[in-house]
Amino acid sequence: SFDCGCDMDDVYAWVYPNQPYNINLCGAFWRASLTGTDSQAGVIVHETSHFIIVADTDDNAYGQPACQTLADSSPSLAIENADSHEYFAENTPSLFMPEIAAEGSFPWPAFMPAILESIEGGLRQN
C-alpha cells in the first residue's frame with residue numbers, strides 16, 4: 001500500500017523493511033518524472049528492494065556515479081544497494097548496444113553476475 005501522508009519535502013519515500021509493501025511517499029516523489037532516471041517508478045523499485053522478503057537492501061550509495069564506483073570497488077555491496085536495483089530497472093542510460101547484441105552478448109553492469117547468481121541460489125533453495 002502507498003501512504004501519501006509523508007510531509008518531508010526533500011525525501012522521496014521510506015519504508016520499514018519488516019513491513020512489506022507499505023511504502024510512504026514523500027514530497028520529492030511527487031516532483032520526480034514518471035519514468036527514466038530517478039523516476040517515480042524507480043523510487044518504487046528502490047523502496048520495494050528494502051523489504052526483507054524482497055532483497056533486504058541497504059542504502060550503501062546514492063546516485064549513478066556513486067553506484068558505479070561501488071559496483072567497481074565492491075560488487076557484493078552493490079548487490080545489496082537499493083539504488084543499484086533502481087538503476088538496473090530504470091536502465092538509463094540504456095545499456096543496449098546493437099554491435100554487442102549482434103555478437104550474442106550483453107554488456108551487464110559489474111554487479112549483475114552476482115545478482116543473478118544470488119537469485120538462482122534463492123530459487124534452488126525454495
# chains A, B, ... in the order shown; residues from 1 in each chain; ligands from 1
call {"tool": "residues_around", "arguments": {"residues": "region 30-46 of chain A", "least_positions_apart": "6", "cutoff": "9 Å", "atoms": "only C-alpha atoms", "output": "number ranges by chain"}}
result
A: 12-13, 23, 57, 63-64, 81-87, 89-93
call {"tool": "select_by_dssp", "arguments": {"residues": "region 7-81 of chain A", "states": "strand (DSSP E)", "output": "list in words"}}
result
Ala13, Trp14, Ile23, Asn24 and Leu25 of chain A
call {"tool": "write_last_selection", "arguments": {"atoms": "N, CA and C atoms", "output": "PDB file, in the first residue's frame"}}
result
ATOM      1  N   ALA A  13      10.830   8.778  -0.497  1.00  0.00           N
ATOM      2  CA  ALA A  13       9.970   7.782   0.134  1.00  0.00           C
ATOM      3  C   ALA A  13      10.760   7.058   1.214  1.00  0.00           C
ATOM      4  N   TRP A  14      10.039   6.286   2.035  1.00  0.00           N
ATOM      5  CA  TRP A  14      10.707   5.476   3.044  1.00  0.00           C
ATOM      6  C   TRP A  14       9.823   4.283   3.396  1.00  0.00           C
ATOM      7  N   ILE A  23       4.664   1.480   1.596  1.00  0.00           N
ATOM      8  CA  ILE A  23       5.620   2.490   1.145  1.00  0.00           C
ATOM      9  C   ILE A  23       5.056   3.877   1.441  1.00  0.00           C
ATOM     10  N   ASN A  24       5.850   4.685   2.119  1.00  0.00           N
ATOM     11  CA  ASN A  24       5.482   6.056   2.449  1.00  0.00           C
ATOM     12  C   ASN A  24       6.058   6.986   1.384  1.00  0.00           C
ATOM     13  N   LEU A  25       5.205   7.659   0.644  1.00  0.00           N
ATOM     14  CA  LEU A  25       5.623   8.545  -0.436  1.00  0.00           C
ATOM     15  C   LEU A  25       5.674   9.978   0.066  1.00  0.00           C
TER      16      LEU A  25
END
call {"tool": "atom_distance", "arguments": {"atom1": "CA of Cys67 (chain A)", "atom2": "CA of Glu47 (chain A)"}}
result
16.0 Å
call {"tool": "closest_residue", "arguments": {"among": "A:Thr69, A:Cys4, A:Ser49, A:Tyr62", "to": "Ala28 (chain A)", "atoms": "only C-alpha atoms"}}
result
A:Cys4
call {"tool": "residues_around", "arguments": {"residues": "His50 (chain A)", "least_positions_apart": "6", "cutoff": "9 Å", "atoms": "only C-alpha atoms", "output": "short mmCIF file (atom, residue, chain, number, x, y, z; two decimals) with N, CA and C atoms, in the first residue's frame"}}
result
data_model
loop_
_atom_site.label_atom_id
_atom_site.label_comp_id
_atom_site.auth_asym_id
_atom_site.auth_seq_id
_atom_site.Cartn_x
_atom_site.Cartn_y
_atom_site.Cartn_z
N VAL A 15 10.48 3.26 3.93
CA VAL A 15 9.78 2.04 4.35
C VAL A 15 10.39 1.51 5.63
N TYR A 16 9.63 0.65 6.29
CA TYR A 16 10.17 -0.22 7.34
C TYR A 16 10.39 -1.57 6.66
N PRO A 17 11.64 -2.04 6.57
CA PRO A 17 11.92 -3.28 5.84
C PRO A 17 11.13 -4.50 6.32
N ASN A 18 10.71 -4.50 7.57
CA ASN A 18 9.98 -5.65 8.09
C ASN A 18 8.46 -5.51 7.95
N PRO A 20 6.42 -5.42 4.82
CA PRO A 20 6.42 -5.49 3.36
C PRO A 20 5.23 -4.79 2.70
N ASP A 56 16.14 -7.14 0.85
CA ASP A 56 16.77 -6.68 2.09
C ASP A 56 17.97 -5.77 1.80
N THR A 57 17.77 -4.81 0.89
CA THR A 57 18.87 -3.91 0.51
C THR A 57 19.08 -2.81 1.55
N ASP A 58 20.25 -2.19 1.44
CA ASP A 58 20.61 -1.03 2.25
C ASP A 58 20.81 0.15 1.30
N ASP A 59 21.14 1.29 1.85
CA ASP A 59 21.48 2.47 1.06
C ASP A 59 22.99 2.70 1.19
N ASN A 81 22.64 -2.85 -2.57
CA ASN A 81 22.37 -1.42 -2.61
C ASN A 81 21.06 -1.14 -3.35
N ALA A 82 20.13 -0.43 -2.70
CA ALA A 82 18.81 -0.17 -3.28
C ALA A 82 18.89 0.64 -4.57
#
